[in-house]
>>> print(open('my_file_23.cif').read())   # mmCIF, C-alpha atoms and all ligand atoms
data_query
loop_
_atom_site.label_atom_id
_atom_site.label_comp_id
_atom_site.auth_asym_id
_atom_site.auth_seq_id
_atom_site.Cartn_x
_atom_site.Cartn_y
_atom_site.Cartn_z
CA MET A 27 0.00 0.00 0.00
CA ASN A 28 1.23 3.52 -0.83
CA ALA A 29 2.41 5.79 1.93
CA PRO A 30 -0.22 8.35 2.93
CA LEU A 31 -0.03 11.74 1.24
CA LEU A 32 -0.78 13.50 4.54
CA THR A 33 -0.32 12.22 8.05
CA ALA A 34 -1.09 14.19 11.19
CA HIS A 35 0.26 12.19 14.10
CA ASN A 36 -0.81 12.95 17.69
CA VAL A 37 -1.10 16.68 17.12
CA THR A 38 -1.63 18.88 20.14
CA ALA A 39 -2.22 22.59 19.56
CA GLY A 40 -4.15 25.54 20.92
CA TYR A 41 -4.48 29.27 21.31
CA GLY A 42 -2.47 31.09 23.96
CA ARG A 43 -2.20 28.52 26.73
CA ILE A 44 -5.49 26.83 26.02
CA GLU A 45 -5.08 23.39 24.53
CA ILE A 46 -7.72 22.74 21.86
CA LEU A 47 -6.41 19.71 19.97
CA HIS A 48 -5.50 16.72 22.09
CA ASP A 49 -3.48 14.13 20.17
CA VAL A 50 -5.41 14.46 16.92
CA SER A 51 -4.33 12.02 14.22
CA LEU A 52 -5.48 11.59 10.66
CA GLU A 53 -4.34 10.29 7.31
CA VAL A 54 -5.16 11.14 3.72
CA ARG A 55 -4.18 8.94 0.78
CA SER A 56 -3.73 10.10 -2.75
CA GLY A 57 -7.02 10.21 -4.65
CA GLU A 58 -9.25 10.13 -1.59
CA ILE A 59 -11.97 12.37 -0.32
CA VAL A 60 -11.60 12.47 3.45
CA SER A 61 -14.27 14.25 5.48
CA ILE A 62 -13.91 15.59 9.00
CA ILE A 63 -17.13 16.13 10.87
CA GLY A 64 -18.05 16.92 14.45
CA PRO A 65 -19.92 19.47 16.51
CA ASN A 66 -19.21 23.18 16.53
CA GLY A 67 -16.06 23.96 18.45
CA ALA A 68 -14.69 20.40 18.10
CA GLY A 69 -11.42 21.73 16.68
CA LYS A 70 -11.99 20.97 13.00
CA SER A 71 -10.86 24.38 11.73
CA THR A 72 -8.02 24.38 14.26
CA THR A 73 -6.85 21.05 12.82
CA PHE A 74 -6.66 22.56 9.33
CA LYS A 75 -4.92 25.72 10.60
CA THR A 76 -2.33 23.57 12.31
CA ILE A 77 -1.73 21.38 9.26
CA VAL A 78 -1.20 24.37 6.94
CA GLY A 79 1.03 26.27 9.34
CA PHE A 80 -1.13 29.08 10.69
CA LEU A 81 -0.82 27.53 14.14
CA GLU A 82 2.28 25.78 15.38
CA PRO A 83 1.64 22.37 16.90
CA TRP A 84 2.78 21.97 20.51
CA THR A 85 3.51 18.31 20.03
CA GLY A 86 3.05 15.80 17.24
CA ARG A 87 4.15 15.51 13.65
CA ILE A 88 2.71 16.49 10.30
CA LEU A 89 4.05 14.70 7.25
CA PHE A 90 3.14 15.64 3.71
CA ASN A 91 4.27 13.83 0.61
CA GLY A 92 6.96 12.05 2.61
CA GLU A 93 8.36 15.22 4.18
CA ASP A 94 8.05 16.65 7.66
CA ILE A 95 6.13 19.94 7.41
CA THR A 96 5.49 20.36 11.14
CA GLY A 97 5.49 24.08 11.92
CA LEU A 98 6.37 25.09 8.36
CA ARG A 99 5.10 28.54 7.26
CA PRO A 100 1.81 28.56 5.28
CA ASP A 101 3.38 29.91 2.09
CA LEU A 102 6.00 27.18 2.18
CA VAL A 103 3.35 24.55 2.85
CA LEU A 104 1.50 25.81 -0.23
CA ARG A 105 4.67 25.56 -2.29
CA ARG A 106 4.95 21.90 -1.27
CA GLY A 107 1.55 21.34 -2.87
CA LEU A 108 -0.90 21.64 -0.01
CA ALA A 109 -3.65 24.21 -0.70
CA TYR A 110 -6.17 25.49 1.83
CA VAL A 111 -9.58 27.07 1.28
CA PRO A 112 -10.49 28.73 4.58
CA GLN A 113 -13.99 28.97 5.98
CA GLY A 114 -16.08 31.89 4.70
CA ARG A 115 -15.47 31.82 0.90
CA ILE A 116 -12.95 34.61 0.99
CA VAL A 117 -12.53 36.33 -2.38
CA LEU A 118 -11.10 39.68 -3.37
CA PRO A 119 -14.45 41.40 -3.96
CA GLN A 120 -13.24 44.37 -6.03
CA MET A 121 -11.23 42.16 -8.35
CA THR A 122 -12.58 40.22 -11.28
CA VAL A 123 -12.82 36.45 -11.33
CA LEU A 124 -9.81 36.37 -13.63
CA GLU A 125 -7.76 38.55 -11.26
CA ASN A 126 -8.76 36.39 -8.30
CA LEU A 127 -7.52 33.31 -10.13
CA GLU A 128 -4.30 35.04 -11.15
CA MET A 129 -3.70 35.87 -7.49
CA GLY A 130 -4.16 32.19 -6.70
CA ALA A 131 -1.28 31.41 -9.03
CA TYR A 132 1.06 33.90 -7.39
CA ILE A 133 3.66 31.29 -6.45
CA GLU A 134 3.74 30.06 -10.05
CA THR A 135 6.20 31.77 -12.40
CA ASP A 136 6.05 29.47 -15.42
CA ARG A 137 3.53 30.94 -17.89
CA GLY A 138 2.85 27.58 -19.46
CA ARG A 139 1.91 26.09 -16.11
CA ILE A 140 -0.37 29.05 -15.34
CA ALA A 141 -2.11 28.62 -18.70
CA GLU A 142 -2.59 24.90 -17.99
CA ALA A 143 -3.98 25.71 -14.57
CA PHE A 144 -6.53 28.09 -16.11
CA GLU A 145 -7.57 25.39 -18.55
CA ARG A 146 -8.06 22.81 -15.82
CA VAL A 147 -9.92 25.24 -13.58
CA TYR A 148 -12.21 26.52 -16.33
CA ALA A 149 -12.97 22.94 -17.39
CA LEU A 150 -14.18 22.23 -13.85
CA PHE A 151 -15.97 25.56 -13.43
CA PRO A 152 -17.17 26.70 -16.86
CA ILE A 153 -19.23 29.44 -15.23
CA LEU A 154 -16.03 31.12 -14.04
CA SER A 155 -14.78 31.22 -17.58
CA GLU A 156 -18.02 32.88 -18.69
CA ARG A 157 -17.82 35.33 -15.80
CA ARG A 158 -14.10 35.99 -15.89
CA LYS A 159 -14.59 39.77 -16.23
CA GLN A 160 -17.14 40.01 -13.41
CA ARG A 161 -16.11 41.44 -10.04
CA ALA A 162 -16.12 38.61 -7.52
CA GLY A 163 -17.96 40.69 -4.92
CA THR A 164 -21.02 40.93 -7.17
CA MET A 165 -21.47 37.15 -7.48
CA SER A 166 -23.79 34.94 -5.43
CA GLY A 167 -22.46 33.09 -2.39
CA GLY A 168 -22.23 29.80 -4.26
CA GLU A 169 -20.38 31.40 -7.16
CA GLN A 170 -17.96 33.09 -4.75
CA GLN A 171 -17.27 29.72 -3.17
CA MET A 172 -16.40 28.37 -6.62
CA VAL A 173 -14.01 31.30 -7.07
CA ALA A 174 -12.41 30.53 -3.70
CA ILE A 175 -11.99 26.84 -4.59
CA ALA A 176 -10.80 27.59 -8.11
CA ARG A 177 -8.21 30.01 -6.77
CA ALA A 178 -6.77 27.25 -4.60
CA LEU A 179 -6.53 25.00 -7.66
CA MET A 180 -4.39 27.53 -9.56
CA THR A 181 -1.23 26.13 -7.98
CA THR A 182 -2.22 22.59 -9.07
CA PRO A 183 -1.99 21.25 -5.51
CA ARG A 184 -1.53 17.60 -4.56
CA LEU A 185 -4.03 18.04 -1.74
CA ILE A 186 -6.73 20.61 -1.05
CA LEU A 187 -8.14 21.27 2.41
CA LEU A 188 -11.61 22.83 2.31
CA ASP A 189 -13.08 24.28 5.48
CA GLU A 190 -16.91 24.26 5.39
CA PRO A 191 -17.29 24.69 1.63
CA SER A 192 -21.11 24.50 1.79
CA LEU A 193 -21.70 26.66 4.86
CA GLY A 194 -24.29 29.39 4.39
CA LEU A 195 -25.14 28.50 0.80
CA SER A 196 -28.63 28.07 -0.60
CA PRO A 197 -29.74 24.42 -1.07
CA LYS A 198 -29.14 24.61 -4.80
CA TYR A 199 -25.54 25.71 -4.30
CA VAL A 200 -24.95 23.22 -1.48
CA SER A 201 -25.79 20.44 -3.96
CA LEU A 202 -23.69 22.04 -6.66
CA ILE A 203 -20.64 22.38 -4.41
CA PHE A 204 -20.85 18.72 -3.34
CA GLU A 205 -21.16 17.71 -7.01
CA LYS A 206 -18.09 19.80 -7.79
CA LEU A 207 -16.11 18.10 -5.02
CA VAL A 208 -16.90 14.70 -6.55
CA GLU A 209 -15.98 16.03 -10.00
CA MET A 210 -12.70 17.30 -8.61
CA GLN A 211 -11.93 13.84 -7.24
CA ARG A 212 -12.72 12.32 -10.65
CA ALA A 213 -10.39 14.87 -12.23
CA GLY A 214 -7.60 13.51 -10.04
CA TYR A 215 -7.56 15.85 -7.04
CA THR A 216 -7.23 14.66 -3.45
CA LEU A 217 -9.58 16.43 -1.06
CA THR A 218 -10.04 16.79 2.65
CA LEU A 219 -13.01 18.69 3.91
CA VAL A 220 -14.45 19.91 7.14
CA GLU A 221 -18.25 20.05 7.01
CA GLN A 222 -21.20 20.77 9.26
CA ASN A 223 -23.34 19.07 6.61
CA ALA A 224 -22.31 15.71 8.05
CA ALA A 225 -24.62 13.47 6.04
CA ARG A 226 -23.48 14.81 2.70
CA ALA A 227 -19.84 14.96 3.75
CA LEU A 228 -19.98 11.25 4.73
CA ALA A 229 -21.88 10.34 1.57
CA ILE A 230 -19.06 11.55 -0.69
CA ALA A 231 -16.19 10.46 1.58
CA ASP A 232 -13.94 7.47 1.02
CA ARG A 233 -13.00 7.80 4.66
CA ALA A 234 -14.01 10.13 7.44
CA TYR A 235 -13.11 11.25 10.94
CA VAL A 236 -15.36 12.50 13.69
CA LEU A 237 -13.73 14.97 16.06
CA GLU A 238 -15.23 15.86 19.39
CA LEU A 239 -13.79 18.21 22.01
CA GLY A 240 -10.47 18.25 20.22
CA ARG A 241 -10.09 14.47 20.09
CA ASN A 242 -10.56 11.72 17.54
CA ARG A 243 -13.90 10.11 18.32
CA PHE A 244 -14.75 7.86 15.32
CA GLU A 245 -13.17 6.98 12.03
CA GLY A 246 -14.02 4.73 9.15
CA THR A 247 -15.20 4.61 5.59
CA GLY A 248 -17.89 7.13 4.64
CA PRO A 249 -20.58 4.45 4.17
CA ARG A 250 -19.73 2.71 7.45
CA LEU A 251 -19.96 5.92 9.49
CA LEU A 252 -23.11 6.93 7.65
CA SER A 253 -24.83 3.74 8.81
CA ASP A 254 -23.26 3.57 12.28
CA PRO A 255 -26.10 3.86 14.83
CA GLU A 256 -24.04 5.91 17.27
CA VAL A 257 -22.79 8.31 14.61
CA LYS A 258 -26.34 8.62 13.29
CA GLN A 259 -27.72 9.34 16.72
CA LEU A 260 -25.02 11.83 17.68
CA TYR A 261 -24.19 13.66 14.47
CA LEU A 262 -26.80 12.97 11.84
CA GLY A 263 -29.91 13.95 13.74
CA GLY A 264 -30.97 10.40 14.73
N1 LIG A 301 -8.38 32.39 17.30
C1 LIG A 301 -8.81 31.73 18.38
N2 LIG A 301 -8.45 32.12 19.64
C2 LIG A 301 -8.88 31.44 20.72
N3 LIG A 301 -9.69 30.37 20.69
C3 LIG A 301 -10.09 29.95 19.47
C4 LIG A 301 -9.69 30.60 18.27
N4 LIG A 301 -10.23 29.94 17.22
C5 LIG A 301 -10.96 28.93 17.75
N5 LIG A 301 -10.87 28.93 19.10
C6 LIG A 301 -11.51 27.96 20.01
O1 LIG A 301 -11.03 26.67 19.67
C7 LIG A 301 -12.09 25.72 19.79
C8 LIG A 301 -12.18 24.95 18.45
O2 LIG A 301 -12.56 25.87 17.43
P1 LIG A 301 -12.62 25.47 15.91
O3 LIG A 301 -11.38 24.76 15.55
O4 LIG A 301 -12.95 26.70 15.16
O5 LIG A 301 -13.84 24.44 15.92
P2 LIG A 301 -14.72 23.88 14.70
O6 LIG A 301 -14.09 24.31 13.44
O7 LIG A 301 -14.76 22.41 14.91
O8 LIG A 301 -16.10 24.47 14.91
C9 LIG A 301 -13.33 26.46 20.17
O9 LIG A 301 -13.49 26.33 21.56
C10 LIG A 301 -13.01 27.88 19.78
O10 LIG A 301 -13.68 28.78 20.63
MG MG A 302 -14.77 25.54 11.90
#
>>> encode(input="my_file_23.cif", output="structure tokens")
Amino acid sequence: MNAPLLTAHNVTAGYGRIEILHDVSLEVRSGEIVSIIGPNGAGKSTTFKTIVGFLEPWTGRILFNGEDITGLRPDLVLRRGLAYVPQGRIVLPQMTVLENLEMGAYIETDRGRIAEAFERVYALFPILSERRKQRAGTMSGGEQQMVAIARALMTTPRLILLDEPSLGLSPKYVSLIFEKLVEMQRAGYTLTLVEQNAARALAIADRAYVLELGRNRFEGTGPRLLSDPEVKQLYLGG
């Protein structure tokens, strides 16, 4: 079996002196969709922030693509091929879609690679190609989320971490975003997502983790967790 693409091993981290993550561990293999679910405040976003270098772990190890990235700066983590789409579909509202995507490619200097990235991204999100001249701030929430995701793809990452990609979207866009995540996997991307929409996140997941109070609580394949009576009762509304 191949080595995992990402391994977080017994990660402890927090804010100030308050410990939030207590020995959190997870693994992502190339080609997978891995979902992380759990109640509000469980430490899901903190886990992502620690993996991508916005928070330094107190203890534990983070390995990516065979290399130790524990405590590495976010821009250097990105250069290693690990992209992060933070919660809140953050776009540059005054800039056009095209300019937002160009910003996403800022670490890329090879024009040919940037052109290829645009092709791949526009193939996945044709609407962004149609709207390339539109200011991002004038788009709907769901469209802005596509811009935020597409921007992360401009570096052609090996792994993309998405924090709550469907949060606050209308039902139509929630469905569309989940469809896009599956399309991205089919196109060869490896995805890890944090989601409050637990049922849908498990439905598309190859494997999933449940975090609670900063600890690993359950893990398994998406289908197994989806049908687990305890998981159902606790996290899927019975
Ligand atoms: N910047 C911060 N400073 C202090 N505490 C924080 C900060 N961000 C999150 N927390 C706390 O860390 C805990 C986990 O938060 P978070 O990782 O955002 O949870 P989740 O994403 O699972 O909802 C919560 O108790 C939250 O209040
Ligand atoms: Mg969160």
>>> residues_near_ligand(input="my_file_23.cif", ligand="ligand LIG 301 (chain A)", cutoff="6 Å", atoms="all atoms listed in the file", output="list in words")
Tyr41, Ile46, Asn66, Gly67, Ala68, Gly69, Lys70, Ser71 and Thr72 of chain A
>>> residues_near_ligand(input="my_file_23.cif", ligand="ligand MG 302 (chain A)", cutoff="12 Å", atoms="all atoms listed in the file", output="ChimeraX atom specification")
/A:62-75,111-114,188-193,219-223,237,240
>>> closest_residue(input="my_file_23.cif", among="A:Ala149, A:Leu185, A:Ile133, A:Ile77", to="Pro30 (chain A)", atoms="all atoms listed in the file")
A:Leu185
>>> residues_near_point(input="my_file_23.cif", point="(-4.9, 25.0, 22.9)", cutoff="12 Å", atoms="only C-alpha atoms", output="tab-separated table (two decimals) with C-alpha atoms, in the coordinates of the input")
chain	number	residue	atom	x	y	z
A	37	VAL	CA	-1.10	16.68	17.12
A	38	THR	CA	-1.63	18.88	20.14
A	39	ALA	CA	-2.22	22.59	19.56
A	40	GLY	CA	-4.15	25.54	20.92
A	41	TYR	CA	-4.48	29.27	21.31
A	42	GLY	CA	-2.47	31.09	23.96
A	43	ARG	CA	-2.20	28.52	26.73
A	44	ILE	CA	-5.49	26.83	26.02
A	45	GLU	CA	-5.08	23.39	24.53
A	46	ILE	CA	-7.72	22.74	21.86
A	47	LEU	CA	-6.41	19.71	19.97
A	48	HIS	CA	-5.50	16.72	22.09
A	49	ASP	CA	-3.48	14.13	20.17
A	68	ALA	CA	-14.69	20.40	18.10
A	69	GLY	CA	-11.42	21.73	16.68
A	72	THR	CA	-8.02	24.38	14.26
A	73	THR	CA	-6.85	21.05	12.82
A	76	THR	CA	-2.33	23.57	12.31
A	81	LEU	CA	-0.82	27.53	14.14
A	82	GLU	CA	2.28	25.78	15.38
A	83	PRO	CA	1.64	22.37	16.90
A	84	TRP	CA	2.78	21.97	20.51
A	85	THR	CA	3.51	18.31	20.03
A	239	LEU	CA	-13.79	18.21	22.01
A	240	GLY	CA	-10.47	18.25	20.22
>>> closest_residue(input="my_file_23.cif", among="A:His35, A:Ile186, A:Gly130, A:Arg139", to="Ile88 (chain A)", atoms="all atoms listed in the file")
A:His35
>>> atom_distance(input="my_file_23.cif", atom1="CA of Glu134 (chain A)", atom2="CA of Leu104 (chain A)")
10.9 Å
>>> residues_around(input="my_file_23.cif", residues="Glu145 (chain A)", least_positions_apart="6", cutoff="12 Å", atoms="all atoms listed in the file", output="number ranges by chain")
A: 127, 138-139, 151-152, 154-155, 176, 179-180, 182
>>> atom_distance(input="my_file_23.cif", atom1="CA of Arg226 (chain A)", atom2="CA of Glu205 (chain A)")
10.4 Å
>>> atom_distance(input="my_file_23.cif", atom1="CA of Met172 (chain A)", atom2="CA of Asn126 (chain A)")
11.2 Å
>>> closest_residue(input="my_file_23.cif", among="A:Ala131, A:Ala227, A:Leu124, A:Leu52", to="Arg157 (chain A)", atoms="all atoms listed in the file")
A:Leu124
>>> closest_residue(input="my_file_23.cif", among="A:Thr181, A:Asn91, A:Ala34, A:Gly57", to="Thr135 (chain A)", atoms="only C-alpha atoms")
A:Thr181
>>> residues_around(input="my_file_23.cif", residues="Leu252 (chain A)", least_positions_apart="2", cutoff="12 Å", atoms="all atoms listed in the file", output="ChimeraX atom specification")
/A:61,63,224-236,244-250,254-264
>>> residues_around(input="my_file_23.cif", residues="Gln170 (chain A)", least_positions_apart="2", cutoff="12 Å", atoms="all atoms listed in the file", output="PyMOL selection string")
chain A and resi 111+114-119+121-123+126-127+151+153-154+157+160-168+172-177+191-192+194-195+199+203
>>> closest_residue(input="my_file_23.cif", among="A:Val103, A:Ile140, A:Met210, A:Ala109", to="Ala178 (chain A)", atoms="all atoms listed in the file")
A:Ala109
>>> decode(input="my_file_23.cif", residues="region 41-163 of chain A", atoms="C-alpha atoms", output="mmCIF file, in the first residue's frame")
data_model
loop_
_atom_site.group_PDB
_atom_site.id
_atom_site.type_symbol
_atom_site.label_atom_id
_atom_site.label_comp_id
_atom_site.auth_asym_id
_atom_site.auth_seq_id
_atom_site.Cartn_x
_atom_site.Cartn_y
_atom_site.Cartn_z
ATOM 1 C CA TYR A 41 -4.479 29.270 21.305
ATOM 2 C CA GLY A 42 -2.475 31.088 23.962
ATOM 3 C CA ARG A 43 -2.202 28.524 26.734
ATOM 4 C CA ILE A 44 -5.487 26.830 26.017
ATOM 5 C CA GLU A 45 -5.080 23.395 24.534
ATOM 6 C CA ILE A 46 -7.720 22.738 21.860
ATOM 7 C CA LEU A 47 -6.407 19.708 19.967
ATOM 8 C CA HIS A 48 -5.496 16.716 22.093
ATOM 9 C CA ASP A 49 -3.478 14.134 20.166
ATOM 10 C CA VAL A 50 -5.409 14.461 16.924
ATOM 11 C CA SER A 51 -4.328 12.020 14.218
ATOM 12 C CA LEU A 52 -5.479 11.588 10.665
ATOM 13 C CA GLU A 53 -4.335 10.291 7.307
ATOM 14 C CA VAL A 54 -5.158 11.142 3.724
ATOM 15 C CA ARG A 55 -4.184 8.941 0.775
ATOM 16 C CA SER A 56 -3.729 10.101 -2.750
ATOM 17 C CA GLY A 57 -7.021 10.213 -4.654
ATOM 18 C CA GLU A 58 -9.251 10.127 -1.594
ATOM 19 C CA ILE A 59 -11.975 12.370 -0.324
ATOM 20 C CA VAL A 60 -11.599 12.468 3.451
ATOM 21 C CA SER A 61 -14.266 14.250 5.485
ATOM 22 C CA ILE A 62 -13.911 15.588 9.000
ATOM 23 C CA ILE A 63 -17.135 16.133 10.868
ATOM 24 C CA GLY A 64 -18.052 16.916 14.449
ATOM 25 C CA PRO A 65 -19.915 19.471 16.510
ATOM 26 C CA ASN A 66 -19.205 23.184 16.530
ATOM 27 C CA GLY A 67 -16.060 23.955 18.454
ATOM 28 C CA ALA A 68 -14.689 20.405 18.102
ATOM 29 C CA GLY A 69 -11.425 21.728 16.675
ATOM 30 C CA LYS A 70 -11.991 20.973 13.001
ATOM 31 C CA SER A 71 -10.856 24.380 11.732
ATOM 32 C CA THR A 72 -8.021 24.382 14.257
ATOM 33 C CA THR A 73 -6.855 21.053 12.825
ATOM 34 C CA PHE A 74 -6.655 22.559 9.335
ATOM 35 C CA LYS A 75 -4.920 25.723 10.605
ATOM 36 C CA THR A 76 -2.326 23.570 12.315
ATOM 37 C CA ILE A 77 -1.728 21.381 9.259
ATOM 38 C CA VAL A 78 -1.203 24.371 6.944
ATOM 39 C CA GLY A 79 1.033 26.267 9.337
ATOM 40 C CA PHE A 80 -1.133 29.085 10.689
ATOM 41 C CA LEU A 81 -0.821 27.530 14.135
ATOM 42 C CA GLU A 82 2.276 25.777 15.383
ATOM 43 C CA PRO A 83 1.636 22.371 16.901
ATOM 44 C CA TRP A 84 2.782 21.975 20.506
ATOM 45 C CA THR A 85 3.513 18.309 20.032
ATOM 46 C CA GLY A 86 3.047 15.800 17.244
ATOM 47 C CA ARG A 87 4.151 15.514 13.645
ATOM 48 C CA ILE A 88 2.706 16.489 10.300
ATOM 49 C CA LEU A 89 4.054 14.698 7.245
ATOM 50 C CA PHE A 90 3.144 15.643 3.711
ATOM 51 C CA ASN A 91 4.270 13.825 0.615
ATOM 52 C CA GLY A 92 6.963 12.053 2.613
ATOM 53 C CA GLU A 93 8.356 15.216 4.178
ATOM 54 C CA ASP A 94 8.050 16.650 7.663
ATOM 55 C CA ILE A 95 6.129 19.941 7.408
ATOM 56 C CA THR A 96 5.494 20.359 11.138
ATOM 57 C CA GLY A 97 5.488 24.078 11.922
ATOM 58 C CA LEU A 98 6.373 25.091 8.356
ATOM 59 C CA ARG A 99 5.099 28.539 7.264
ATOM 60 C CA PRO A 100 1.812 28.562 5.284
ATOM 61 C CA ASP A 101 3.382 29.909 2.087
ATOM 62 C CA LEU A 102 6.003 27.177 2.175
ATOM 63 C CA VAL A 103 3.351 24.545 2.851
ATOM 64 C CA LEU A 104 1.499 25.807 -0.225
ATOM 65 C CA ARG A 105 4.673 25.563 -2.291
ATOM 66 C CA ARG A 106 4.949 21.904 -1.271
ATOM 67 C CA GLY A 107 1.549 21.343 -2.872
ATOM 68 C CA LEU A 108 -0.902 21.643 -0.011
ATOM 69 C CA ALA A 109 -3.652 24.209 -0.702
ATOM 70 C CA TYR A 110 -6.166 25.494 1.825
ATOM 71 C CA VAL A 111 -9.576 27.067 1.280
ATOM 72 C CA PRO A 112 -10.487 28.729 4.585
ATOM 73 C CA GLN A 113 -13.993 28.967 5.979
ATOM 74 C CA GLY A 114 -16.079 31.889 4.697
ATOM 75 C CA ARG A 115 -15.467 31.822 0.900
ATOM 76 C CA ILE A 116 -12.947 34.610 0.992
ATOM 77 C CA VAL A 117 -12.532 36.328 -2.375
ATOM 78 C CA LEU A 118 -11.098 39.684 -3.367
ATOM 79 C CA PRO A 119 -14.450 41.400 -3.964
ATOM 80 C CA GLN A 120 -13.238 44.368 -6.029
ATOM 81 C CA MET A 121 -11.232 42.162 -8.352
ATOM 82 C CA THR A 122 -12.580 40.215 -11.283
ATOM 83 C CA VAL A 123 -12.820 36.451 -11.333
ATOM 84 C CA LEU A 124 -9.811 36.366 -13.628
ATOM 85 C CA GLU A 125 -7.760 38.547 -11.264
ATOM 86 C CA ASN A 126 -8.762 36.390 -8.297
ATOM 87 C CA LEU A 127 -7.520 33.306 -10.130
ATOM 88 C CA GLU A 128 -4.299 35.035 -11.150
ATOM 89 C CA MET A 129 -3.704 35.870 -7.494
ATOM 90 C CA GLY A 130 -4.162 32.194 -6.701
ATOM 91 C CA ALA A 131 -1.285 31.405 -9.034
ATOM 92 C CA TYR A 132 1.061 33.897 -7.386
ATOM 93 C CA ILE A 133 3.663 31.293 -6.453
ATOM 94 C CA GLU A 134 3.744 30.063 -10.048
ATOM 95 C CA THR A 135 6.201 31.771 -12.396
ATOM 96 C CA ASP A 136 6.052 29.468 -15.416
ATOM 97 C CA ARG A 137 3.535 30.939 -17.891
ATOM 98 C CA GLY A 138 2.847 27.580 -19.461
ATOM 99 C CA ARG A 139 1.907 26.092 -16.107
ATOM 100 C CA ILE A 140 -0.369 29.047 -15.335
ATOM 101 C CA ALA A 141 -2.111 28.619 -18.704
ATOM 102 C CA GLU A 142 -2.589 24.903 -17.992
ATOM 103 C CA ALA A 143 -3.984 25.705 -14.571
ATOM 104 C CA PHE A 144 -6.528 28.094 -16.110
ATOM 105 C CA GLU A 145 -7.569 25.386 -18.553
ATOM 106 C CA ARG A 146 -8.063 22.809 -15.825
ATOM 107 C CA VAL A 147 -9.923 25.240 -13.582
ATOM 108 C CA TYR A 148 -12.213 26.519 -16.326
ATOM 109 C CA ALA A 149 -12.975 22.940 -17.388
ATOM 110 C CA LEU A 150 -14.179 22.229 -13.852
ATOM 111 C CA PHE A 151 -15.967 25.557 -13.427
ATOM 112 C CA PRO A 152 -17.170 26.698 -16.862
ATOM 113 C CA ILE A 153 -19.228 29.438 -15.232
ATOM 114 C CA LEU A 154 -16.034 31.117 -14.039
ATOM 115 C CA SER A 155 -14.783 31.215 -17.577
ATOM 116 C CA GLU A 156 -18.023 32.878 -18.692
ATOM 117 C CA ARG A 157 -17.820 35.332 -15.803
ATOM 118 C CA ARG A 158 -14.100 35.994 -15.894
ATOM 119 C CA LYS A 159 -14.591 39.774 -16.229
ATOM 120 C CA GLN A 160 -17.136 40.010 -13.414
ATOM 121 C CA ARG A 161 -16.114 41.438 -10.038
ATOM 122 C CA ALA A 162 -16.118 38.607 -7.524
ATOM 123 C CA GLY A 163 -17.955 40.687 -4.925
#
